[in-house]
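Written out below as structure tokens is the structure these notes cover.
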Amino acid sequence: MNKTSEIRRKKTALITGAASGIGYQLTQIFARHNYNLVLVDKNEQKLTKIINEFPQKFGIFVKILVKDLSITTSPDEIFTELQQASIKIDVLVNNAGFGTYGTFTETDLNIELRMLQVNLVCVTHLTKLFLKDMVEQDYGKILNVASAAAFQPGPLMAVYFATKAYVLSFSEAIANELEGTGVSVTVLCPGPTASEFQQTAAMEDSKIASVNRMMDTETVAKIGYRSLMKNKTVVVPGMRNKILSESVRFTPRNLVTKIVRSMHELKKSR
């Protein structure tokens, strides 16, 4: 492909966890901005619905990959399939992730190991695989979806909070390493968001899940996309979430931990 063809080529975004929540909203946003899409999710039915609708609606190419990212071989399989199809990735969105709720002594180890694989290992693995080509072509964008949970410890969701702290730290570090390369890294840290997350984590009866001022997934996705395009590094959507995230820097850690514990405890029945 010559230089002119390369410039005219539509850019392609790979989005994990694309079938629902923030991932699905990002899928729509990238489609509206004329990106070709590679969509990864384990929900084949929802992905099939997207591929039946989006190409005609938006005039783009869509490839779906039905993958369970808790399986260790999935990142290599994704990378190999795209190489074989000669699909170059310009934007990598590591959105897939989930949580689990309860005291660490009571939670299921197998679920937590799967969570570590999806939230942490897979993010690292996919970034490693696709980043080299981005640097070589002097262009690329990576959006890692972390959480406002990344800024403090999280009793009753200890492993989840820790995975998001990793994503934040990892993203900031490689963003610094990549300065001047044409590749940017953005880490999106939303607060409580109205989605399937609470149900998946089995925390519907916790105090924080009953917060009325949860942001919606569309708003969070729009903020994430705009920030990615502006090459911002750390993005916390919503003024309330920004204030809370900043305030933990000036609050004793043991007090922060107690406050987070209180927020995540079950609502008392009347």
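Labels for the structure tokens follow display order: chains A, B, ..., residues from 1 in each chain, ligands from 1.
On the backbone of this structure, DSSP gives strand (DSSP E) within segment 129-258 of chain A to Gly140, Lys141, Ile142, Leu143, Asn144, Val145, Val183, Ser184, Val185, Thr186, Val187, Leu188, Thr193, Ala194, Met215, Asp216, Val234 and Val235 of chain A.
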So that I can see what lies close to segment 76-88 of chain A, please list as number ranges by chain the residues with an atom at most 8 Å from it, counting only C-alpha atoms and leaving out residues fewer than 3 positions away in the same chain.
A: 12, 65, 73, 126, 129-130
Emit the selected residues as a compact mmCIF listing (two decimals), in the first residue's frame, including N, CA and C atoms.
```txt
# COMPACT_ATOMS: atom_id res chain seq x y z
N THR A 12 -9.25 1.84 11.56
CA THR A 12 -9.97 0.71 12.15
C THR A 12 -9.78 0.70 13.66
N LEU A 65 -15.46 -10.89 16.42
CA LEU A 65 -14.68 -12.01 16.96
C LEU A 65 -15.32 -12.44 18.26
N THR A 73 -5.55 -17.79 25.87
CA THR A 73 -5.10 -17.80 24.48
C THR A 73 -5.83 -16.77 23.61
N LEU A 126 -3.01 -7.52 24.91
CA LEU A 126 -3.43 -6.90 23.65
C LEU A 126 -2.64 -5.64 23.35
N LEU A 129 0.70 -6.63 21.95
CA LEU A 129 0.63 -7.18 20.60
C LEU A 129 0.43 -6.10 19.54
N PHE A 130 -0.42 -5.11 19.81
CA PHE A 130 -0.77 -4.14 18.77
C PHE A 130 0.07 -2.87 18.81
```
Rank nothing, just name the residue among A:Glu106, A:Val235, A:Arg32, A:Ile174 nearest to Ala146 of chain A, using only C-alpha atoms.
A:Val235
Just want the 7 Å neighbourhood of Val145 of chain A, counted on only C-alpha atoms, with same-chain residues fewer than 2 positions away dropped. Output as a PyMOL selection string.
chain A and resi 94-95+143+147+187-189
For Thr233 of chain A: contacts at 9 Å, only C-alpha atoms, fewer than 2 positions along chain excluded, given as a PyMOL selection string
chain A and resi 171-172+175+184-188+227-228+231+235
Next, write the just-selected residues to a file, as a PDB file, in the first residue's frame, keeping C-alpha atoms as the atom set.
```pdb
ATOM      1  CA  SER A 171      -1.642   3.409  31.141  1.00  0.00           C
ATOM      2  CA  GLU A 172       0.039   6.478  32.649  1.00  0.00           C
ATOM      3  CA  ALA A 175       1.700   7.083  27.851  1.00  0.00           C
ATOM      4  CA  SER A 184      -1.240   8.167  22.592  1.00  0.00           C
ATOM      5  CA  VAL A 185      -2.709   6.315  25.558  1.00  0.00           C
ATOM      6  CA  THR A 186      -5.853   7.447  27.352  1.00  0.00           C
ATOM      7  CA  VAL A 187      -7.255   5.842  30.491  1.00  0.00           C
ATOM      8  CA  LEU A 188     -10.954   6.409  31.161  1.00  0.00           C
ATOM      9  CA  SER A 227     -10.611  12.679  25.367  1.00  0.00           C
ATOM     10  CA  LEU A 228      -8.986   9.968  23.261  1.00  0.00           C
ATOM     11  CA  ASN A 231      -4.722  12.704  23.445  1.00  0.00           C
ATOM     12  CA  VAL A 235      -9.985  11.149  32.213  1.00  0.00           C
TER      13      VAL A 235
END
```
Non-local contacts of Ala148 of chain A (7 Å; only C-alpha atoms; under 2 positions in same chain excluded) as a ChimeraX atom specification:
/A:150-151,189-191,236,245
Separation of atom CA of Ala13 of chain A from atom CA of Ile29 of chain A in Å
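Going from atom CA of Ile29 of chain A over to atom CA of Ala13 of chain A covers 10.8 Å.
Minimum atom-to-atom distance to Asn119 of chain A, evaluated using only C-alpha atoms, belongs to A:Tyr166 out of A:Leu47, A:Pro75, A:Tyr166, A:Ala158.
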Picked from segment 15-157 of chain A by DSSP as alpha helix (DSSP H), as an NGL selection string:
:A and (21-32 or 44-58 or 74-84 or 109-116 or 122-136)
Using only C-alpha atoms, which of A:Ala221, A:Val121, A:Met239, A:Ala165 sits nearest Tyr24 of chain A?
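Residue with the minimum atom-to-atom distance to Tyr24 of chain A: A:Ala221.
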Contact residues around Ile111 of chain A with only C-alpha atoms at 10 Å, ignoring same-chain residues under 6 positions, as an MDAnalysis selection string
chainID A and resid 70 98:100 117
Take the residues from that selection and write them out as a PDB file, in the first residue's frame, keeping C-alpha atoms.
```
ATOM      1  CA  SER A  70     -10.859 -14.901  30.404  1.00  0.00           C
ATOM      2  CA  PHE A  98     -16.179  -7.145  35.182  1.00  0.00           C
ATOM      3  CA  GLY A  99     -16.299  -7.152  38.975  1.00  0.00           C
ATOM      4  CA  THR A 100     -17.317  -9.386  41.830  1.00  0.00           C
ATOM      5  CA  GLN A 117      -7.255 -12.301  33.211  1.00  0.00           C
TER       6      GLN A 117
END
```
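Reported to one decimal place, the separation of atom CA of Tyr101 of chain A from atom CA of Thr257 of chain A is 15.8 Å.
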